[in-house]
$ cat work-v9.txt   # compact mmCIF, C-alpha atoms
# COMPACT_ATOMS: atom_id res chain seq x y z
CA MET U 251 0.00 0.00 0.00
CA SER U 252 1.30 3.42 -0.91
CA ASN U 253 1.58 6.24 1.54
CA ASN U 254 -1.76 8.08 1.42
CA THR U 255 -0.39 11.52 2.07
CA GLU U 256 1.90 13.64 -0.06
CA PRO U 257 5.41 14.38 1.24
CA ALA U 258 6.14 17.48 3.27
CA GLY U 259 6.26 20.59 1.17
CA THR U 260 3.63 19.48 -1.33
CA THR U 261 0.47 19.94 0.72
CA ARG U 262 -1.56 23.06 0.22
CA THR U 263 -3.69 24.89 2.73
CA GLY U 264 -6.90 26.85 2.46
CA THR U 265 -4.89 30.07 2.37
CA ASP U 266 -4.43 30.68 -1.35
CA SER U 267 -0.95 29.14 -1.54
CA ALA U 268 -0.81 29.58 -5.32
CA GLN U 269 -0.60 33.37 -5.06
CA LEU U 270 3.20 33.41 -5.44
CA SER U 271 2.80 31.89 -8.90
CA ASP U 272 -0.07 34.17 -9.94
CA VAL U 273 2.31 36.42 -11.85
CA LEU U 274 -0.52 38.02 -13.84
CA ASN U 275 -2.51 38.72 -10.65
CA LEU U 276 -5.51 36.86 -12.01
CA ASP U 277 -7.01 36.90 -8.52
CA ALA U 278 -7.74 40.57 -9.15
CA LEU U 279 -10.31 39.41 -11.70
CA LEU U 280 -12.26 37.56 -9.01
CA SER U 281 -14.66 39.08 -6.49
CA GLU U 282 -14.25 38.61 -2.76
CA GLU U 283 -17.24 36.26 -2.80
CA GLU U 284 -15.56 34.17 -5.49
CA LEU U 285 -12.29 34.09 -3.57
CA ASN U 286 -14.12 33.05 -0.40
CA LEU U 287 -15.76 30.19 -2.28
CA ARG U 288 -12.35 29.11 -3.53
CA ARG U 289 -11.00 29.09 0.03
CA THR U 290 -13.93 26.97 1.18
CA VAL U 291 -13.59 24.36 -1.55
CA ARG U 292 -9.80 24.33 -1.27
CA ARG U 293 -10.10 23.67 2.45
CA PHE U 294 -12.50 20.79 1.78
CA VAL U 295 -10.03 19.31 -0.70
CA ASP U 296 -7.13 19.73 1.75
CA GLU U 297 -9.02 18.11 4.62
CA ARG U 298 -11.13 15.41 2.95
CA ILE U 299 -9.48 14.51 -0.36
CA ARG U 300 -5.71 14.98 -0.18
CA PRO U 301 -5.15 12.74 2.87
CA ASN U 302 -7.09 9.88 1.24
CA ILE U 303 -6.83 10.16 -2.52
CA ALA U 304 -3.80 7.89 -2.99
CA THR U 305 -5.56 5.07 -1.16
CA TRP U 306 -8.85 5.63 -2.99
CA TYR U 307 -7.01 5.68 -6.31
CA GLU U 308 -4.90 2.59 -5.64
CA ASP U 309 -7.87 0.62 -4.29
CA ALA U 310 -10.19 1.89 -7.07
CA VAL U 311 -12.71 3.19 -4.53
CA PHE U 312 -15.14 6.05 -5.00
CA PRO U 313 -15.73 7.68 -1.58
CA THR U 314 -19.51 7.78 -1.33
CA GLU U 315 -19.16 9.13 2.21
CA ILE U 316 -18.26 12.59 0.89
CA VAL U 317 -21.25 12.92 -1.46
CA GLN U 318 -23.57 14.53 1.06
CA GLU U 319 -20.69 16.65 2.34
CA MET U 320 -20.38 18.04 -1.19
CA GLY U 321 -24.11 18.67 -1.17
CA ALA U 322 -23.89 20.52 2.13
CA LEU U 323 -21.18 22.76 0.62
CA GLY U 324 -23.47 23.60 -2.30
CA LEU U 325 -21.32 21.85 -4.93
CA LEU U 326 -24.04 19.74 -6.57
CA GLY U 327 -25.97 21.43 -9.36
CA MET U 328 -24.43 24.62 -8.03
CA HIS U 329 -25.06 26.64 -11.21
CA LEU U 330 -28.77 25.71 -11.34
CA GLN U 331 -31.52 27.98 -10.03
CA GLY U 332 -34.46 26.94 -7.85
CA TYR U 333 -35.67 23.52 -6.68
CA GLY U 334 -33.20 23.51 -3.80
CA CYS U 335 -30.19 24.11 -6.07
CA PRO U 336 -27.44 26.53 -4.95
CA GLY U 337 -27.95 29.04 -7.78
CA ARG U 338 -24.31 30.12 -7.98
CA SER U 339 -22.70 31.76 -11.01
CA ALA U 340 -20.89 29.99 -13.83
CA VAL U 341 -17.59 31.44 -12.61
CA GLU U 342 -18.23 30.14 -9.10
CA TYR U 343 -18.99 26.70 -10.48
CA GLY U 344 -15.77 26.86 -12.47
CA ILE U 345 -13.75 27.84 -9.42
CA ALA U 346 -15.17 24.87 -7.51
CA ALA U 347 -14.35 22.55 -10.42
CA MET U 348 -10.76 23.80 -10.47
CA GLU U 349 -10.26 23.19 -6.76
CA LEU U 350 -11.90 19.76 -6.84
CA GLU U 351 -9.77 18.61 -9.76
CA ALA U 352 -6.67 19.81 -7.97
CA GLY U 353 -7.62 17.00 -5.61
CA ASP U 354 -8.57 14.46 -8.29
CA SER U 355 -10.29 14.47 -11.67
CA GLY U 356 -12.52 11.58 -10.61
CA LEU U 357 -14.07 13.60 -7.81
CA ARG U 358 -14.58 16.64 -10.00
CA THR U 359 -16.18 14.25 -12.50
CA PHE U 360 -18.70 13.17 -9.86
CA VAL U 361 -19.81 16.78 -9.43
CA SER U 362 -20.00 17.16 -13.21
CA VAL U 363 -22.05 14.00 -13.81
CA GLN U 364 -24.39 14.80 -10.95
CA GLY U 365 -24.85 18.51 -11.63
CA SER U 366 -23.93 19.35 -15.22
CA LEU U 367 -25.37 16.19 -16.77
CA ALA U 368 -28.07 14.44 -14.71
CA MET U 369 -29.43 17.44 -12.80
CA SER U 370 -29.01 19.77 -15.76
CA ALA U 371 -31.02 17.41 -17.99
CA ILE U 372 -33.89 17.38 -15.51
CA HIS U 373 -33.64 21.13 -14.93
CA LYS U 374 -33.58 21.96 -18.66
CA TRP U 375 -35.96 19.36 -20.06
CA GLY U 376 -38.00 17.90 -17.20
CA SER U 377 -41.58 18.54 -16.21
CA GLU U 378 -42.35 20.63 -13.14
CA GLU U 379 -43.25 17.45 -11.28
CA GLN U 380 -39.95 15.78 -12.25
CA LYS U 381 -37.95 18.81 -11.17
CA LYS U 382 -39.65 19.02 -7.77
CA HIS U 383 -39.34 15.28 -7.21
CA TYR U 384 -35.64 14.85 -8.00
CA LEU U 385 -33.65 18.09 -7.90
CA PRO U 386 -33.83 18.97 -4.17
CA GLY U 387 -32.59 15.52 -3.14
CA MET U 388 -29.91 15.54 -5.82
CA ALA U 389 -28.65 18.95 -4.69
CA LYS U 390 -28.26 17.55 -1.16
CA GLY U 391 -26.49 14.42 -2.38
CA GLU U 392 -29.32 12.24 -1.08
CA ILE U 393 -30.14 11.09 -4.63
CA ILE U 394 -27.33 10.24 -7.07
CA GLY U 395 -27.95 10.48 -10.80
CA CYS U 396 -26.21 9.29 -13.94
CA PHE U 397 -26.41 10.21 -17.63
CA GLY U 398 -26.51 7.51 -20.30
CA LEU U 399 -25.63 8.66 -23.81
CA THR U 400 -22.43 6.87 -24.94
CA GLU U 401 -22.80 3.33 -26.25
CA PRO U 402 -20.33 0.50 -26.95
CA THR U 403 -20.36 1.41 -30.65
CA ALA U 404 -21.47 5.06 -30.44
CA GLY U 405 -19.09 7.45 -28.72
CA SER U 406 -18.28 10.54 -30.75
CA ASP U 407 -21.28 9.84 -33.03
CA PRO U 408 -24.31 9.56 -30.72
CA SER U 409 -26.65 9.84 -33.70
CA SER U 410 -25.82 6.19 -34.39
CA MET U 411 -27.07 5.02 -30.97
CA ALA U 412 -28.84 1.68 -31.05
CA THR U 413 -30.73 1.92 -27.75
CA PHE U 414 -34.41 2.09 -28.64
CA ALA U 415 -37.59 2.89 -26.73
CA ARG U 416 -40.90 1.81 -28.27
CA ARG U 417 -44.38 2.76 -27.29
CA ASP U 418 -46.61 0.15 -25.71
CA GLY U 419 -49.89 1.85 -24.96
CA ASP U 420 -49.23 4.52 -22.35
CA GLU U 421 -45.85 2.98 -21.49
CA TRP U 422 -42.40 2.63 -23.03
CA ILE U 423 -40.24 -0.47 -23.45
CA LEU U 424 -36.51 0.19 -23.50
CA ASN U 425 -33.85 -2.11 -24.95
CA GLY U 426 -30.16 -1.47 -25.57
CA ALA U 427 -26.81 -0.78 -23.92
CA LYS U 428 -24.61 2.10 -22.80
CA ARG U 429 -20.92 2.24 -21.87
CA TRP U 430 -18.66 4.54 -19.84
CA ILE U 431 -21.58 5.81 -17.77
CA GLY U 432 -20.35 7.53 -14.63
CA LEU U 433 -21.91 6.69 -11.24
CA ALA U 434 -24.46 4.25 -12.69
CA SER U 435 -23.86 1.46 -10.16
CA ILE U 436 -24.49 3.80 -7.20
CA ALA U 437 -27.15 6.00 -8.80
CA GLN U 438 -30.82 5.93 -7.94
CA ILE U 439 -31.96 7.69 -11.12
CA ALA U 440 -30.57 7.48 -14.64
CA VAL U 441 -31.14 9.92 -17.51
CA ILE U 442 -31.14 7.62 -20.53
CA TRP U 443 -31.17 8.77 -24.15
CA ALA U 444 -32.74 6.48 -26.73
CA GLN U 445 -33.96 6.42 -30.28
CA THR U 446 -37.74 6.34 -30.72
CA ASP U 447 -40.07 6.49 -33.67
CA ASP U 448 -40.13 10.23 -32.92
CA GLY U 449 -36.35 10.75 -32.82
CA VAL U 450 -33.97 10.82 -29.84
CA ARG U 451 -35.75 11.26 -26.51
CA GLY U 452 -34.67 11.33 -22.87
CA PHE U 453 -36.10 9.15 -20.10
CA LEU U 454 -35.82 9.16 -16.32
CA VAL U 455 -35.15 5.57 -15.32
CA PRO U 456 -35.07 4.49 -11.66
CA THR U 457 -32.10 2.14 -11.44
CA ASP U 458 -34.09 -0.47 -9.49
CA THR U 459 -36.41 -0.95 -12.48
CA PRO U 460 -36.48 -4.61 -13.62
CA GLY U 461 -34.33 -4.98 -16.72
CA PHE U 462 -31.79 -2.30 -15.71
CA THR U 463 -28.26 -3.64 -15.12
CA ALA U 464 -25.19 -1.54 -14.26
CA THR U 465 -21.78 -3.26 -14.26
CA PRO U 466 -18.72 -1.27 -13.12
CA ILE U 467 -15.82 -1.34 -15.62
CA GLN U 468 -12.75 -2.91 -14.07
CA GLY U 469 -9.03 -2.68 -14.79
CA LYS U 470 -8.93 1.06 -15.44
CA LEU U 471 -5.58 2.83 -15.57
CA SER U 472 -7.31 6.21 -15.22
CA MET U 473 -10.12 7.66 -13.08
CA ARG U 474 -9.60 4.92 -10.52
CA ALA U 475 -11.25 6.91 -7.70
CA SER U 476 -14.36 7.18 -9.86
CA ILE U 477 -17.03 4.84 -11.20
CA GLN U 478 -17.80 4.15 -14.85
CA CYS U 479 -20.20 1.40 -15.90
CA GLU U 480 -21.68 -0.61 -18.69
CA LEU U 481 -25.47 -0.51 -18.77
CA SER U 482 -27.93 -2.91 -20.32
CA PHE U 483 -31.68 -2.57 -20.74
CA GLU U 484 -33.72 -5.69 -21.39
CA ASP U 485 -37.41 -5.09 -22.02
CA LEU U 486 -37.28 -2.37 -19.39
CA ARG U 487 -40.80 -1.02 -18.94
CA LEU U 488 -41.35 2.64 -18.10
CA PRO U 489 -44.49 4.68 -17.43
CA GLY U 490 -45.36 7.49 -19.79
CA GLU U 491 -44.33 10.10 -17.22
CA ALA U 492 -40.72 8.84 -17.39
CA LEU U 493 -40.27 10.84 -20.61
CA LEU U 494 -38.45 14.17 -20.32
CA PRO U 495 -41.08 16.27 -22.09
CA GLY U 496 -38.81 19.10 -23.18
CA ALA U 497 -36.08 16.92 -24.69
CA LYS U 498 -36.37 16.03 -28.36
CA GLY U 499 -33.44 15.32 -30.66
CA LEU U 500 -29.72 15.37 -29.96
CA ARG U 501 -29.83 19.09 -29.19
CA ALA U 502 -31.04 18.17 -25.68
CA PRO U 503 -28.16 15.92 -24.55
CA PHE U 504 -25.66 18.15 -26.36
CA ALA U 505 -26.83 21.10 -24.24
CA CYS U 506 -26.00 19.08 -21.13
CA LEU U 507 -22.63 18.04 -22.56
CA ASN U 508 -21.75 21.70 -23.05
CA GLU U 509 -22.39 22.31 -19.36
CA ALA U 510 -19.94 19.51 -18.51
CA ARG U 511 -17.39 20.67 -21.08
CA TYR U 512 -17.46 24.12 -19.53
CA GLY U 513 -16.49 22.70 -16.13
CA ILE U 514 -13.60 20.81 -17.71
CA ILE U 515 -12.07 24.10 -18.91
CA TRP U 516 -11.59 25.03 -15.26
CA GLY U 517 -10.99 21.60 -13.78
CA THR U 518 -8.03 20.69 -15.94
CA MET U 519 -6.22 23.79 -14.77
CA GLY U 520 -6.67 22.58 -11.19
CA ALA U 521 -4.90 19.31 -12.01
CA ALA U 522 -2.19 21.25 -13.85
CA ARG U 523 -1.70 23.68 -10.97
CA ASP U 524 -1.45 20.90 -8.41
CA SER U 525 1.15 19.09 -10.53
CA TYR U 526 3.15 22.29 -11.02
CA GLU U 527 3.13 22.99 -7.29
CA ALA U 528 4.28 19.45 -6.50
CA ALA U 529 7.14 19.75 -9.02
CA LEU U 530 8.15 23.20 -7.79
CA ALA U 531 8.27 22.10 -4.14
CA TYR U 532 10.23 18.97 -5.03
CA SER U 533 12.72 20.84 -7.20
CA LEU U 534 13.46 23.27 -4.39
CA GLN U 535 14.15 20.46 -1.93
CA ARG U 536 15.79 17.75 -4.03
CA GLN U 537 19.57 18.07 -4.09
CA GLN U 538 21.56 16.82 -7.09
CA PHE U 539 25.26 17.59 -7.63
CA ASN U 540 25.23 19.68 -4.45
CA LYS U 541 22.46 22.06 -5.42
CA PRO U 542 18.66 21.89 -5.71
CA LEU U 543 17.07 20.82 -8.98
CA ALA U 544 15.42 24.25 -9.15
CA ALA U 545 18.86 25.82 -9.60
CA TYR U 546 19.29 24.23 -13.04
CA GLN U 547 18.29 26.13 -16.16
CA ILE U 548 16.41 23.19 -17.73
CA THR U 549 14.31 22.76 -14.57
CA GLN U 550 13.52 26.47 -14.47
CA GLN U 551 12.50 26.40 -18.13
CA LYS U 552 10.09 23.52 -17.43
CA LEU U 553 8.60 25.34 -14.45
CA VAL U 554 8.23 28.59 -16.37
CA ASP U 555 6.56 26.83 -19.31
CA MET U 556 4.12 25.16 -16.91
CA LEU U 557 3.34 28.41 -15.16
CA LEU U 558 2.72 30.29 -18.42
CA GLU U 559 0.20 27.72 -19.64
CA ILE U 560 -1.57 27.56 -16.28
CA GLN U 561 -1.91 31.33 -16.21
CA LYS U 562 -3.15 31.44 -19.82
CA GLY U 563 -5.52 28.53 -19.27
CA THR U 564 -6.93 30.10 -16.10
CA LEU U 565 -7.41 33.42 -17.88
CA LEU U 566 -9.26 31.56 -20.64
CA ALA U 567 -11.46 29.87 -18.03
CA ILE U 568 -12.32 33.15 -16.32
CA HIS U 569 -13.16 34.85 -19.62
CA THR U 570 -15.29 31.89 -20.70
CA GLY U 571 -17.10 31.95 -17.36
CA ARG U 572 -17.83 35.65 -17.60
CA MET U 573 -19.30 35.10 -21.07
CA LYS U 574 -21.42 32.24 -19.75
CA ASP U 575 -22.74 34.39 -16.94
CA ALA U 576 -23.51 37.15 -19.45
CA GLY U 577 -25.40 34.70 -21.67
CA THR U 578 -23.11 35.27 -24.65
CA LEU U 579 -21.07 32.05 -24.62
CA GLU U 580 -21.22 30.00 -27.83
CA PRO U 581 -20.58 26.22 -28.09
CA VAL U 582 -17.55 26.77 -30.33
CA GLN U 583 -15.99 28.89 -27.58
CA ILE U 584 -16.43 26.01 -25.15
CA SER U 585 -14.55 23.84 -27.63
CA VAL U 586 -11.66 26.32 -27.56
CA GLY U 587 -11.35 25.97 -23.81
CA LYS U 588 -11.89 22.21 -23.62
CA LEU U 589 -9.36 21.46 -26.37
CA ASN U 590 -6.69 23.91 -25.22
CA ASN U 591 -6.83 23.35 -21.48
CA CYS U 592 -6.99 19.55 -21.66
CA ARG U 593 -4.07 19.45 -24.08
CA GLU U 594 -1.92 21.82 -22.03
CA ALA U 595 -2.82 20.30 -18.66
CA ILE U 596 -1.76 16.80 -19.62
CA LYS U 597 1.60 18.11 -20.88
CA ILE U 598 2.11 20.03 -17.65
CA CYS U 599 1.39 16.94 -15.56
CA ARG U 600 3.82 14.84 -17.60
CA ASP U 601 6.56 17.47 -17.37
CA ALA U 602 5.97 17.74 -13.62
CA ARG U 603 6.38 13.98 -13.33
CA ALA U 604 9.68 14.23 -15.19
CA ILE U 605 11.01 16.74 -12.64
CA LEU U 606 10.12 14.26 -9.90
CA GLY U 607 12.26 11.59 -11.56
CA GLY U 608 11.70 8.01 -10.47
CA ASN U 609 9.83 9.15 -7.36
CA GLY U 610 7.20 10.61 -9.66
CA ILE U 611 5.83 7.22 -10.68
CA THR U 612 4.57 6.53 -7.16
CA LEU U 613 1.31 7.60 -5.57
CA ASP U 614 3.31 9.62 -3.07
CA TYR U 615 3.15 12.41 -5.65
CA SER U 616 0.19 13.64 -7.67
CA PRO U 617 1.40 14.50 -11.22
CA LEU U 618 1.30 11.03 -12.83
CA ARG U 619 -2.09 10.31 -11.21
CA HIS U 620 -3.35 13.59 -12.66
CA ALA U 621 -1.85 12.78 -16.08
CA ASN U 622 -3.51 9.36 -16.10
CA ASN U 623 -6.85 10.89 -15.16
CA LEU U 624 -6.53 13.54 -17.85
CA GLU U 625 -6.28 10.80 -20.49
CA SER U 626 -9.95 10.20 -19.67
CA VAL U 627 -10.85 13.88 -19.38
CA ARG U 628 -9.43 14.66 -22.83
CA THR U 629 -11.48 11.76 -24.23
CA TYR U 630 -14.90 12.29 -22.67
CA GLU U 631 -17.24 15.16 -23.53
CA GLY U 632 -15.62 15.31 -26.97
CA THR U 633 -12.15 14.09 -27.90
CA ASP U 634 -9.37 16.42 -29.01
CA GLU U 635 -10.18 15.38 -32.58
CA VAL U 636 -13.88 16.23 -32.26
CA HIS U 637 -13.21 19.69 -30.82
CA THR U 638 -10.54 20.27 -33.47
CA LEU U 639 -13.11 19.53 -36.18
CA ILE U 640 -15.68 21.77 -34.50
CA LEU U 641 -13.17 24.62 -34.62
CA GLY U 642 -12.07 23.68 -38.14
CA ASN U 643 -15.67 23.85 -39.31
CA HIS U 644 -16.05 27.23 -37.60
CA ILE U 645 -13.02 28.83 -39.24
CA THR U 646 -13.41 27.29 -42.72
CA GLY U 647 -17.14 26.75 -43.00
CA ILE U 648 -16.42 23.19 -44.15
CA PRO U 649 -17.65 20.29 -41.98
CA ALA U 650 -15.03 17.51 -41.94
CA PHE U 651 -16.72 15.02 -39.61
CA ARG U 652 -17.47 12.52 -42.37
$ encode --input "work-v9.txt" --output "structure tokens"
Amino acid sequence: MSNNTEPAGTTRTGTDSAQLSDVLNLDALLSEEELNLRRTVRRFVDERIRPNIATWYEDAVFPTEIVQEMGALGLLGMHLQGYGCPGRSAVEYGIAAMELEAGDSGLRTFVSVQGSLAMSAIHKWGSEEQKKHYLPGMAKGEIIGCFGLTEPTAGSDPSSMATFARRDGDEWILNGAKRWIGLASIAQIAVIWAQTDDGVRGFLVPTDTPGFTATPIQGKLSMRASIQCELSFEDLRLPGEALLPGAKGLRAPFACLNEARYGIIWGTMGAARDSYEAALAYSLQRQQFNKPLAAYQITQQKLVDMLLEIQKGTLLAIHTGRMKDAGTLEPVQISVGKLNNCREAIKICRDARAILGGNGITLDYSPLRHANNLESVRTYEGTDEVHTLILGNHITGIPAFR
């Protein structure tokens, strides 16, 4: 078993320890309320995640015990208004995502699946009765949700989904399969997208419904402190009121995906920042040839390159968040942030691991764990290739998806 705490000098506290590296003074772009939220979430990460994450990761355990704690902090569906939801701003949600992913991408992913996908789908497309029934409990962490869109043979192209729901009188009968569905084995309610004779529709499926099977995917090299499942539906019968009345066509799930993609813009910079801080602290302490690693020009170049990309990526996240709060953010702009920040964050984590040398391959240090997790983050909610083609279409006017 690995040590479940990071070595001295790499732990952070709730007191904005990254300020020394904020060379652009990006904190000046945040309000006092936003900074206070950051301190609160950072303290939660320091106290509840950092001391345990190496063990959770190595043992492939998702810590369900912290779910209601996250709810009590207002982290679940935090950007949604009403129905017991916190009603915070897009920037505040982004700040929380950054701090959570500094702890671990898998735990930020929980907040994203719960709030940006499952809760957002109900909030955007559900009936008033569905919203009142599910959202308050989900905001508290008393009800866990999942979001089933991806299939074994339909990832980047959800229009080819094979899951089908057919009418049977006033009811629906659902058959099919989904894959890489976060939280499904611990969820009480699943938002499932299926083809129908009337196009793609969304359904609220209680996970104890006969015919619903969720099987956790084993042997993962990434997102080990998180849960992803395979789902199967065999003649699963649903009442008519299970239908999300406002959701018709792929526009509905895509709107939820954009909410999740937005959070990734921020979250990835949290993983990058944590890796940079671990490498910086190590390089200042580790002696080689009678002086610290940080005294060498190559090490300083690596640290500077990391810092520049973290500052640029954070500035991009703040600007994107302000546009989202103003109601002017376009999907293509989300693609800019998701593509850039995922790509840069994973490079930063790998370079940080290199500074740590052989010690960096252990769970005593965070960068390689972050890099492994980011392999998943850069894949879900649109791969690098998909977001590249979205941007390519935008700048040339020529769609190159097929």
$ closest_residue --input "work-v9.txt" --among "U:Gly632, U:Pro542, U:Gly517, U:Pro301" --to "Leu589 (chain U)" --atoms "only C-alpha atoms"
U:Gly632
$ atom_distance --input "work-v9.txt" --atom1 "CA of Glu342 (chain U)" --atom2 "CA of Met556 (chain U)"
24.2 Å
$ atom_distance --input "work-v9.txt" --atom1 "CA of Leu385 (chain U)" --atom2 "CA of Gly461 (chain U)"
24.7 Å
$ residues_near_point --input "work-v9.txt" --point "(-20.3, 23.3, -12.0)" --cutoff "10 Å" --atoms "all atoms listed in the file" --output "PyMOL selection string"
chain U and resi 325-330+338-348+358-359+361-367+509-514+516-517
$ atom_distance --input "work-v9.txt" --atom1 "CA of Lys552 (chain U)" --atom2 "CA of Met519 (chain U)"
16.5 Å
$ residues_around --input "work-v9.txt" --residues "region 490-504 of chain U" --least-positions-apart "2" --cutoff "8 Å" --atoms "all atoms listed in the file" --output "JSON, numbers by chain"
{"U": [371, 372, 374, 375, 376, 377, 399, 408, 409, 420, 421, 422, 443, 449, 450, 451, 452, 453, 454, 455, 488, 506, 507, 508]}
$ closest_residue --input "work-v9.txt" --among "U:Leu280, U:Ala602, U:Leu639, U:Ala440" --to "Val586 (chain U)" --atoms "all atoms listed in the file"
U:Leu639
$ closest_atom_pairs --input "work-v9.txt" --of "region 510-588 of chain U" --to "region 614-619 of chain U" --cutoff "10 Å" --atoms "only C-alpha atoms" --output "Markdown table"
| residue | atom | partner | partner_atom | distance |
| --- | --- | --- | --- | --- |
| U:Ala521 | CA | U:Pro617 | CA | 8.0 |
| U:Ala522 | CA | U:Pro617 | CA | 8.1 |
| U:Arg523 | CA | U:Pro617 | CA | 9.7 |
| U:Asp524 | CA | U:Ser616 | CA | 7.5 |
| U:Ser525 | CA | U:Pro617 | CA | 4.6 |
| U:Tyr526 | CA | U:Pro617 | CA | 8.0 |
| U:Glu527 | CA | U:Pro617 | CA | 9.5 |
| U:Ala528 | CA | U:Tyr615 | CA | 7.2 |
| U:Ala529 | CA | U:Pro617 | CA | 8.1 |
| U:Tyr532 | CA | U:Tyr615 | CA | 9.7 |
$ closest_residue --input "work-v9.txt" --among "U:Tyr384, U:Phe294, U:Tyr333, U:Phe651" --to "Met320 (chain U)" --atoms "all atoms listed in the file"
U:Phe294
$ closest_residue --input "work-v9.txt" --among "U:Gln318, U:Ser355, U:Gln537, U:Thr413" --to "Glu625 (chain U)" --atoms "all atoms listed in the file"
U:Ser355
$ decode --input "work-v9.txt" --residues "region 274-292 of chain U" --atoms "N, CA and C atoms" --output "PDB file, in the first residue's frame"
ATOM      1  N   LEU U 274       0.357  37.061 -13.152  1.00  0.00           N
ATOM      2  CA  LEU U 274      -0.520  38.016 -13.844  1.00  0.00           C
ATOM      3  C   LEU U 274      -1.568  38.628 -12.907  1.00  0.00           C
ATOM      4  N   ASN U 275      -1.527  38.242 -11.628  1.00  0.00           N
ATOM      5  CA  ASN U 275      -2.506  38.716 -10.646  1.00  0.00           C
ATOM      6  C   ASN U 275      -3.936  38.458 -11.127  1.00  0.00           C
ATOM      7  N   LEU U 276      -4.171  37.228 -11.557  1.00  0.00           N
ATOM      8  CA  LEU U 276      -5.510  36.864 -12.014  1.00  0.00           C
ATOM      9  C   LEU U 276      -6.529  36.904 -10.884  1.00  0.00           C
ATOM     10  N   ASP U 277      -6.076  36.789  -9.644  1.00  0.00           N
ATOM     11  CA  ASP U 277      -7.006  36.898  -8.521  1.00  0.00           C
ATOM     12  C   ASP U 277      -7.726  38.237  -8.513  1.00  0.00           C
ATOM     13  N   ALA U 278      -7.104  39.256  -9.094  1.00  0.00           N
ATOM     14  CA  ALA U 278      -7.742  40.574  -9.149  1.00  0.00           C
ATOM     15  C   ALA U 278      -8.989  40.560 -10.023  1.00  0.00           C
ATOM     16  N   LEU U 279      -9.130  39.534 -10.854  1.00  0.00           N
ATOM     17  CA  LEU U 279     -10.311  39.412 -11.704  1.00  0.00           C
ATOM     18  C   LEU U 279     -11.480  38.743 -10.990  1.00  0.00           C
ATOM     19  N   LEU U 280     -11.240  38.268  -9.774  1.00  0.00           N
ATOM     20  CA  LEU U 280     -12.264  37.563  -9.010  1.00  0.00           C
ATOM     21  C   LEU U 280     -12.776  38.438  -7.878  1.00  0.00           C
ATOM     22  N   SER U 281     -14.069  38.321  -7.583  1.00  0.00           N
ATOM     23  CA  SER U 281     -14.662  39.080  -6.487  1.00  0.00           C
ATOM     24  C   SER U 281     -14.299  38.443  -5.157  1.00  0.00           C
ATOM     25  N   GLU U 282     -14.528  39.160  -4.086  1.00  0.00           N
ATOM     26  CA  GLU U 282     -14.255  38.611  -2.760  1.00  0.00           C
ATOM     27  C   GLU U 282     -15.128  37.396  -2.493  1.00  0.00           C
ATOM     28  N   GLU U 283     -16.363  37.423  -2.969  1.00  0.00           N
ATOM     29  CA  GLU U 283     -17.242  36.263  -2.799  1.00  0.00           C
ATOM     30  C   GLU U 283     -16.683  35.047  -3.535  1.00  0.00           C
ATOM     31  N   GLU U 284     -16.157  35.269  -4.727  1.00  0.00           N
ATOM     32  CA  GLU U 284     -15.561  34.169  -5.491  1.00  0.00           C
ATOM     33  C   GLU U 284     -14.309  33.634  -4.815  1.00  0.00           C
ATOM     34  N   LEU U 285     -13.495  34.528  -4.281  1.00  0.00           N
ATOM     35  CA  LEU U 285     -12.286  34.094  -3.571  1.00  0.00           C
ATOM     36  C   LEU U 285     -12.639  33.326  -2.292  1.00  0.00           C
ATOM     37  N   ASN U 286     -13.699  33.758  -1.604  1.00  0.00           N
ATOM     38  CA  ASN U 286     -14.124  33.050  -0.400  1.00  0.00           C
ATOM     39  C   ASN U 286     -14.607  31.642  -0.740  1.00  0.00           C
ATOM     40  N   LEU U 287     -15.328  31.522  -1.850  1.00  0.00           N
ATOM     41  CA  LEU U 287     -15.759  30.189  -2.276  1.00  0.00           C
ATOM     42  C   LEU U 287     -14.545  29.318  -2.558  1.00  0.00           C
ATOM     43  N   ARG U 288     -13.559  29.872  -3.230  1.00  0.00           N
ATOM     44  CA  ARG U 288     -12.348  29.109  -3.526  1.00  0.00           C
ATOM     45  C   ARG U 288     -11.678  28.629  -2.244  1.00  0.00           C
ATOM     46  N   ARG U 289     -11.596  29.498  -1.247  1.00  0.00           N
ATOM     47  CA  ARG U 289     -10.995  29.085   0.027  1.00  0.00           C
ATOM     48  C   ARG U 289     -11.777  27.943   0.657  1.00  0.00           C
ATOM     49  N   THR U 290     -13.093  28.012   0.580  1.00  0.00           N
ATOM     50  CA  THR U 290     -13.927  26.974   1.184  1.00  0.00           C
ATOM     51  C   THR U 290     -13.723  25.632   0.507  1.00  0.00           C
ATOM     52  N   VAL U 291     -13.747  25.623  -0.831  1.00  0.00           N
ATOM     53  CA  VAL U 291     -13.593  24.361  -1.548  1.00  0.00           C
ATOM     54  C   VAL U 291     -12.169  23.848  -1.409  1.00  0.00           C
ATOM     55  N   ARG U 292     -11.198  24.742  -1.434  1.00  0.00           N
ATOM     56  CA  ARG U 292      -9.799  24.326  -1.274  1.00  0.00           C
ATOM     57  C   ARG U 292      -9.583  23.690   0.099  1.00  0.00           C
TER      58      ARG U 292
END
